[in-house]
Amino acid sequence: MDTKIDSLTPTPLPQRGRGKGEGVEHQKTGDMGIIFGTLEKILNLARANSLWPLTFGLHCCAIEMMAASASRFDLDRFGAGVFRSSPRQADLMIVAGTVSRKMAPRIKMLYDQMPAPKYVIAMGGCAMWGGPYQYEGQYAIVEGVDRIVPVDVHVPGCPPRPEGLIEGLLLLERKIIAGTAGKGQLAEAVRPTGTPVPIPPGAVKAPGPRPDQNIIEHKE
Amino acid sequence: MSFPGLTGESNQIKLKELDPRFRGDDNIVIMNAEEIKSELNPILHPENVAVSDYSKTGFHIEATVSPDQILPVVRFLRKKEFFLEQITGADFKETFQLSYQFNRFDQTLRVILRLKQPWNEYQVPSITSIYAGANWFEREVFDMYGIQIKNHPHLKRLLLPEFCNFHPLRKGFKFEGDSVQDVNRAWELEQEAEQKISSTVLESHRRDYFVNMGPQHPSTHGVLRLLLHMDGEIILEVDPVIGYAHRADEKMGENGNYLQFTPYPSRVDYLAGMIYNWGYVGTVERALGIELTERCKYIRVIVSELQRLASHLLWYGAFLMDLGNFTPFLYCFQDREEILDMFELCDGSRLTYNYFRFGGQERDLSPEFLDRARKFIPMLKSHLKDYEQLVAKNIIFRKRTEGVGVITKDLAIEYGVTGGALRACGIPYDVRKSEPYGIYDQFQWDVPTKTGGDAYSRFQVRVQEMWQSLRILEQALPKIPEGPYNNPQAPKRFKPNAGEYYFCVESPRGQMGIYLISDGTENPYRIKMRTPCYNNLEVISPIGKGHLLADVVCILGSLDIVVPDVDR
């Protein structure tokens, strides 16, 4: 999905020389350019650049979420590094891991406790559709967190690399600026370059008999 | 009433009490399987006790017991200071079997007691009065199979939600529920239950109250819920509620064939993926009798020790973050990323690996991997010194951790505590030493121990373990031989003989073992994972009592809990 955000891009900063370093671009003049738009659009621009995620790890993906916020990847570069422990202070929920049936009501409760506008990223295959834990007769998990809360961005992977989460976050930021996030719509999946397009959660069917069961008996 | 976390004086008294017990370890009496068998004779019929071939099955003594014999035998083992490894249920369609597994800390002597009876007349007494750690195991058996256990203090579901009306590990079980509907139903039931608790407390005008810590809490390291019964800021009782991360790993093991289960162990404890890979692959190798090539043995030790370092580095950062220090978290993740980069070279994945195969590895270690590993060791060595100076002598850190959450030897035996938490109370039990798998017996290294048993000792032990891992790596990396990394003679179809097998490895958190029941087909009949965090978390109920609320965070962090490892 392409969103037109050109009208919201600030005008480029004028280059000014100051002191000895003449010609050096000075970023902190206070001259930020002029943006035209409705109040809603301006607010969305602010929201997109200061997301406060909820500290909330379920399984393996939580470790990659931690890694994304730690030294090498530094989620703070994208304005989303302030992890909050309370849902009342957060506006982004990163569902990082398998949603068990015992945990599912809590996730819904946490989502309800977050103040609007709020956004959800489903991180990893498990949160998208059950991932490797999906099989016929699986009794313990909810297959896809979007069955409980509306999801804005799906990030595939088992677990996704921190780069994957960052790409998902940037997509969410673009969606927020365009005003399409947080509306409870079906989310589009993140498409990392070079990987096949992930199947949207609604279209996933339960896998048939495992391929290995069809192998002809080996004669000993 | 004394509160061990409150005054320095009571800590000292407690530590003094503990010391002589730990120093008694010098005069170890080595027992052998025949002796135990003869001593069991008055209780059990000699025909029912067999000395087993350890190298083939992983057990030393296998015994069949009847329901009235179980308590005397277990009492005998408790007197002999055997610790409880695990209790496993298995459904044999017409009959049901419970296996009680015991082992010793000072030498390896694994005893398994089997109680097999028809389903409809199954009767078993609870052994919680002898081994307090059996509590969760028995509840899990009730949860998964619906077996009623007599005289259990509070037999209720452990992993599944209370309202469930099925027992999933029974053979032939088919789940036919709609998960979303169930979620709504669970929600209503829990609201009702919570209102009941709060209204009874309000009506009785009691001073004590309940605090619900988790399942969403920054320092429970995942989705763990602790129900804390408080008096002011003092904890009267800790009741861990687990199962929020349960995702049916053991059931999945039964559904596929042997090879199809290989990716899952690394997702059970995602911080020790390589080591869990080895645990599962090693079990099947023991059942099939597969030998490994020399290069493969070195590869396994190298990746396992790197994994242990990665796990301990994450623990270091997370534990200190729990106590309010943020800098170590950033530093340790920087080093951990180096190890993950190396694992990407050999396996392609950063966190959840599938690198081990029956009889070898998925692919060889590249020269680039070995180069990076060689460069990594001196780098981490210099960093570890810095971290130690940064943290270990910090007065605030020591005040927060010293004397907090003391585990005694008796508690360790009753609950089956293993890993760093056990070595911190003076018992040098390490699976790599006691039943050396792979080629751990070819290297020079020590098992670090401390005698305090508290959070600070656990911290010190884990830091020392990192140094020992580096020591093993230093010896293994130059010696790695050339040659095939896969055994070409390994079978292509995996059909172990019918029987029961056990194999365990030392994960960063303790003894991780896989108990495999094979019926001679291509699919495992039953896979039970003995995960260290299960036992290590259960011990928080006795050691958390009397501490302040803030100390629970410190105890949890020092025990190094990974919640999916508990729930599986």
# chains A, B, ... in the order shown; residues from 1 in each chain; ligands from 1
call {"tool": "interface_residues", "arguments": {"of": "chain B", "to": "chain A", "cutoff": "8 Å", "atoms": "only C-alpha atoms", "output": "VMD selection string"}}
result
chain B and resid 160 to 161 168 174 to 177 179 to 180 182 to 184 186 to 187 215 to 218 221 to 223 243 to 248 256 267 270 329 to 331 333 to 334 337 350 to 352 493 564
call {"tool": "select_by_dssp", "arguments": {"residues": "stretch 251-287 of chain B", "states": "helix (DSSP H, G or I)", "output": "CSV table (one decimal) with N, CA, C and O atoms, in the first residue's frame"}}
result
chain,number,residue,atom,x,y,z
B,251,LYS,N,3.0,-32.8,23.5
B,251,LYS,CA,2.0,-33.4,22.6
B,251,LYS,C,2.5,-33.4,21.2
B,251,LYS,O,2.3,-34.3,20.4
B,252,MET,N,3.2,-32.3,20.8
B,252,MET,CA,3.7,-32.2,19.5
B,252,MET,C,4.8,-33.3,19.2
B,252,MET,O,4.9,-33.8,18.1
B,253,GLY,N,5.6,-33.6,20.2
B,253,GLY,CA,6.6,-34.6,20.0
B,253,GLY,C,5.9,-36.0,19.7
B,253,GLY,O,6.5,-36.7,18.9
B,254,GLU,N,4.7,-36.2,20.2
B,254,GLU,CA,4.1,-37.5,19.9
B,254,GLU,C,3.5,-37.5,18.5
B,254,GLU,O,3.2,-38.5,17.9
B,255,ASN,N,3.2,-36.3,18.0
B,255,ASN,CA,2.4,-36.3,16.8
B,255,ASN,C,3.3,-36.5,15.5
B,255,ASN,O,2.8,-37.0,14.6
B,259,LEU,N,12.5,-36.9,13.6
B,259,LEU,CA,13.2,-35.8,13.0
B,259,LEU,C,12.4,-34.5,13.1
B,259,LEU,O,12.9,-33.4,13.2
B,260,GLN,N,11.1,-34.7,13.0
B,260,GLN,CA,10.2,-33.5,13.0
B,260,GLN,C,10.2,-32.8,14.3
B,260,GLN,O,9.8,-31.6,14.3
B,261,PHE,N,10.6,-33.4,15.4
B,261,PHE,CA,10.6,-32.7,16.7
B,261,PHE,C,11.9,-31.9,16.9
B,261,PHE,O,12.0,-31.1,17.8
B,265,PRO,N,12.8,-28.4,20.7
B,265,PRO,CA,13.5,-28.2,22.0
B,265,PRO,C,14.2,-26.8,22.1
B,265,PRO,O,14.2,-26.2,23.1
B,266,SER,N,14.7,-26.3,21.0
B,266,SER,CA,15.4,-25.0,21.1
B,266,SER,C,14.4,-23.8,21.3
B,266,SER,O,14.8,-22.7,21.7
B,267,ARG,N,13.1,-24.1,21.1
B,267,ARG,CA,12.1,-23.1,21.4
B,267,ARG,C,11.6,-23.2,22.8
B,267,ARG,O,10.8,-22.3,23.3
B,268,VAL,N,11.9,-24.3,23.5
B,268,VAL,CA,11.4,-24.5,24.9
B,268,VAL,C,12.3,-23.5,25.8
B,268,VAL,O,11.7,-22.8,26.5
B,273,GLY,N,19.3,-22.7,23.1
B,273,GLY,CA,18.8,-23.5,22.0
B,273,GLY,C,19.7,-24.7,21.6
B,273,GLY,O,19.3,-25.8,21.4
B,274,MET,N,21.0,-24.3,21.4
B,274,MET,CA,22.0,-25.3,21.0
B,274,MET,C,22.1,-26.5,22.0
B,274,MET,O,22.1,-27.7,21.6
B,275,ILE,N,22.0,-26.2,23.3
B,275,ILE,CA,22.2,-27.2,24.3
B,275,ILE,C,20.9,-28.1,24.4
B,275,ILE,O,21.0,-29.3,24.5
B,276,TYR,N,19.8,-27.5,24.1
B,276,TYR,CA,18.5,-28.3,24.1
B,276,TYR,C,18.5,-29.1,22.9
B,276,TYR,O,18.0,-30.2,22.9
B,277,ASN,N,19.0,-28.6,21.8
B,277,ASN,CA,19.2,-29.5,20.6
B,277,ASN,C,19.9,-30.7,20.9
B,277,ASN,O,19.5,-31.8,20.6
B,278,TRP,N,21.0,-30.5,21.6
B,278,TRP,CA,21.9,-31.7,22.0
B,278,TRP,C,21.1,-32.6,22.9
B,278,TRP,O,21.2,-33.8,22.8
B,279,GLY,N,20.4,-32.0,23.8
B,279,GLY,CA,19.6,-32.9,24.8
B,279,GLY,C,18.7,-33.8,24.0
B,279,GLY,O,18.6,-35.0,24.3
B,280,TYR,N,18.0,-33.3,23.1
B,280,TYR,CA,17.0,-34.2,22.3
B,280,TYR,C,17.7,-35.1,21.4
B,280,TYR,O,17.4,-36.3,21.4
B,281,VAL,N,18.7,-34.6,20.6
B,281,VAL,CA,19.4,-35.4,19.7
B,281,VAL,C,20.2,-36.5,20.4
B,281,VAL,O,20.2,-37.7,20.0
B,282,GLY,N,20.7,-36.2,21.5
B,282,GLY,CA,21.5,-37.1,22.3
B,282,GLY,C,20.6,-38.3,22.8
B,282,GLY,O,21.1,-39.4,22.9
B,283,THR,N,19.4,-38.0,23.2
B,283,THR,CA,18.5,-39.0,23.7
B,283,THR,C,18.2,-40.0,22.6
B,283,THR,O,18.3,-41.3,22.8
B,284,VAL,N,17.9,-39.5,21.4
B,284,VAL,CA,17.6,-40.4,20.2
B,284,VAL,C,18.9,-41.2,19.8
B,284,VAL,O,18.8,-42.4,19.5
B,285,GLU,N,20.0,-40.5,19.9
B,285,GLU,CA,21.3,-41.2,19.6
B,285,GLU,C,21.5,-42.4,20.6
B,285,GLU,O,22.0,-43.4,20.2
B,286,ARG,N,21.2,-42.1,21.9
B,286,ARG,CA,21.4,-43.2,22.9
B,286,ARG,C,20.4,-44.3,22.6
B,286,ARG,O,20.8,-45.5,22.7
B,287,ALA,N,19.2,-44.0,22.2
B,287,ALA,CA,18.3,-45.1,21.9
B,287,ALA,C,18.6,-45.9,20.7
B,287,ALA,O,18.4,-47.1,20.6
call {"tool": "residues_around", "arguments": {"residues": "B:Ile514", "least_positions_apart": "4", "cutoff": "7 Å", "atoms": "only C-alpha atoms", "output": "JSON, numbers by chain"}}
result
{"B": [279, 280, 283, 502, 503, 504, 527, 528, 529, 530]}
call {"tool": "write_last_selection", "arguments": {"atoms": "N, CA and C atoms", "output": "compact mmCIF listing (two decimals), in the first residue's frame"}}
result
# COMPACT_ATOMS: atom_id res chain seq x y z
N GLY B 279 20.36 -32.05 23.85
CA GLY B 279 19.61 -32.90 24.77
C GLY B 279 18.68 -33.84 24.04
N TYR B 280 17.96 -33.32 23.06
CA TYR B 280 17.00 -34.16 22.34
C TYR B 280 17.72 -35.13 21.41
N THR B 283 19.37 -37.98 23.19
CA THR B 283 18.47 -39.04 23.65
C THR B 283 18.21 -40.05 22.55
N TYR B 502 16.75 -42.22 28.80
CA TYR B 502 16.91 -40.91 29.41
C TYR B 502 18.30 -40.39 29.09
N PHE B 503 18.36 -39.14 28.74
CA PHE B 503 19.64 -38.50 28.46
C PHE B 503 19.55 -37.07 28.96
N CYS B 504 20.60 -36.62 29.63
CA CYS B 504 20.50 -35.26 30.14
C CYS B 504 21.78 -34.48 29.83
N ILE B 527 7.32 -38.12 24.93
CA ILE B 527 8.53 -37.34 25.20
C ILE B 527 8.25 -36.48 26.41
N LYS B 528 9.04 -36.68 27.46
CA LYS B 528 8.88 -35.81 28.62
C LYS B 528 10.16 -35.02 28.78
N MET B 529 10.01 -33.72 28.88
CA MET B 529 11.19 -32.88 29.05
C MET B 529 11.35 -32.57 30.52
N ARG B 530 12.54 -32.90 31.02
CA ARG B 530 12.87 -32.52 32.39
C ARG B 530 13.56 -31.18 32.29
call {"tool": "atom_distance", "arguments": {"atom1": "atom CA of A:Arg174", "atom2": "atom CA of A:Leu43"}}
result
13.4 Å
call {"tool": "residues_around", "arguments": {"residues": "B:Glu85", "least_positions_apart": "3", "cutoff": "10 Å", "atoms": "only C-alpha atoms", "output": "list in words"}}
result
Phe82, Thr88, Tyr100, Gln101, Phe102, Asn103, Arg104, Arg110, Val111, Ile112, Gly133, Ala134, Ile413, Glu414, Tyr415, Gly416, Val417, Thr418, Gln511, Met512, Gly513, Arg530, Thr531, Pro532 and Asn535 of chain B
call {"tool": "write_last_selection", "arguments": {"atoms": "N, CA and C atoms", "output": "tab-separated table (two decimals), in the first residue's frame"}}
result
chain	number	residue	atom	x	y	z
B	82	PHE	N	18.69	-39.02	47.98
B	82	PHE	CA	18.44	-38.94	46.54
B	82	PHE	C	17.57	-37.71	46.30
B	88	THR	N	6.77	-38.69	35.73
B	88	THR	CA	6.23	-38.67	34.38
B	88	THR	C	5.04	-39.60	34.30
B	100	TYR	N	8.70	-42.48	38.59
B	100	TYR	CA	9.36	-41.58	39.54
B	100	TYR	C	10.85	-41.72	39.31
B	101	GLN	N	11.50	-40.61	39.13
B	101	GLN	CA	12.91	-40.67	38.78
B	101	GLN	C	13.74	-39.95	39.84
B	102	PHE	N	14.75	-40.64	40.37
B	102	PHE	CA	15.59	-40.05	41.41
B	102	PHE	C	17.05	-40.16	41.00
B	103	ASN	N	17.85	-39.27	41.57
B	103	ASN	CA	19.28	-39.28	41.27
B	103	ASN	C	20.00	-38.71	42.48
B	104	ARG	N	21.33	-38.78	42.43
B	104	ARG	CA	22.11	-38.25	43.55
B	104	ARG	C	22.96	-37.08	43.08
B	110	ARG	N	20.98	-43.19	38.92
B	110	ARG	CA	19.60	-42.83	38.58
B	110	ARG	C	18.68	-44.03	38.83
B	111	VAL	N	17.68	-43.80	39.68
B	111	VAL	CA	16.71	-44.85	40.02
B	111	VAL	C	15.38	-44.47	39.41
B	112	ILE	N	14.75	-45.40	38.75
B	112	ILE	CA	13.42	-45.12	38.22
B	112	ILE	C	12.45	-46.16	38.79
B	133	GLY	N	8.80	-31.12	46.36
B	133	GLY	CA	8.85	-30.76	44.95
B	133	GLY	C	7.95	-31.59	44.07
B	134	ALA	N	7.39	-32.68	44.62
B	134	ALA	CA	6.50	-33.52	43.81
B	134	ALA	C	5.16	-32.85	43.57
B	413	ILE	N	17.37	-30.92	47.65
B	413	ILE	CA	17.06	-32.34	47.45
B	413	ILE	C	15.56	-32.52	47.26
B	414	GLU	N	14.78	-31.83	48.07
B	414	GLU	CA	13.32	-32.03	48.00
B	414	GLU	C	12.74	-31.51	46.70
B	415	TYR	N	13.29	-30.41	46.21
B	415	TYR	CA	12.72	-29.80	45.01
B	415	TYR	C	13.48	-30.16	43.74
B	416	GLY	N	14.62	-30.80	43.88
B	416	GLY	CA	15.40	-31.15	42.70
B	416	GLY	C	16.00	-29.95	42.02
B	417	VAL	N	16.48	-28.99	42.82
B	417	VAL	CA	17.11	-27.79	42.25
B	417	VAL	C	18.44	-28.20	41.61
B	418	THR	N	18.72	-27.70	40.43
B	418	THR	CA	20.00	-27.99	39.77
B	418	THR	C	20.57	-26.71	39.19
B	511	GLN	N	20.02	-29.14	35.10
B	511	GLN	CA	19.96	-30.40	34.37
B	511	GLN	C	18.73	-30.45	33.47
B	512	MET	N	18.98	-30.53	32.16
B	512	MET	CA	17.88	-30.67	31.22
B	512	MET	C	17.95	-32.08	30.66
B	513	GLY	N	16.88	-32.82	30.80
B	513	GLY	CA	16.90	-34.19	30.32
B	513	GLY	C	15.68	-34.51	29.50
B	530	ARG	N	12.54	-32.90	31.02
B	530	ARG	CA	12.87	-32.52	32.39
B	530	ARG	C	13.56	-31.18	32.29
B	531	THR	N	12.83	-30.12	32.54
B	531	THR	CA	13.42	-28.80	32.34
B	531	THR	C	13.85	-28.24	33.69
B	532	PRO	N	15.03	-27.64	33.75
B	532	PRO	CA	15.55	-27.20	35.04
B	532	PRO	C	14.71	-26.11	35.70
B	535	ASN	N	11.78	-27.09	38.28
B	535	ASN	CA	12.14	-27.35	39.67
B	535	ASN	C	12.68	-26.10	40.34
call {"tool": "closest_residue", "arguments": {"among": "B:Asn523, B:Leu390, B:Gly405, B:Ile302", "to": "B:Phe369", "atoms": "only C-alpha atoms"}}
result
B:Ile302
call {"tool": "residues_around", "arguments": {"residues": "stretch 439-446 of chain B", "least_positions_apart": "5", "cutoff": "9 Å", "atoms": "only C-alpha atoms", "output": "list in words"}}
result
Lys297, Tyr298, Val301, Arg432, Lys433, Glu465, Gln468, Ser469, Arg471, Ile472, Gln475 and Ala476 of chain B
call {"tool": "select_by_dssp", "arguments": {"residues": "stretch 449-514 of chain B", "states": "strand (DSSP E)", "output": "NGL selection string"}}
result
:B and (499-507 or 510-514)
call {"tool": "atom_distance", "arguments": {"atom1": "atom CA of B:Ala424", "atom2": "atom CA of B:Ala132"}}
result
20.5 Å
call {"tool": "closest_residue", "arguments": {"among": "B:Ala272, B:Ile130, B:Val49, B:Ile517", "to": "B:Arg75", "atoms": "only C-alpha atoms"}}
result
B:Ile130
call {"tool": "residues_around", "arguments": {"residues": "A:Tyr111", "least_positions_apart": "6", "cutoff": "9 Å", "atoms": "only C-alpha atoms", "output": "list in words"}}
result
Pro87, Met93, Lys118, Val120 and Val149 of chain A
call {"tool": "residues_around", "arguments": {"residues": "B:Asn325", "least_positions_apart": "6", "cutoff": "10 Å", "atoms": "only C-alpha atoms", "output": "PyMOL selection string"}}
result
chain B and resi 317-319+391+397
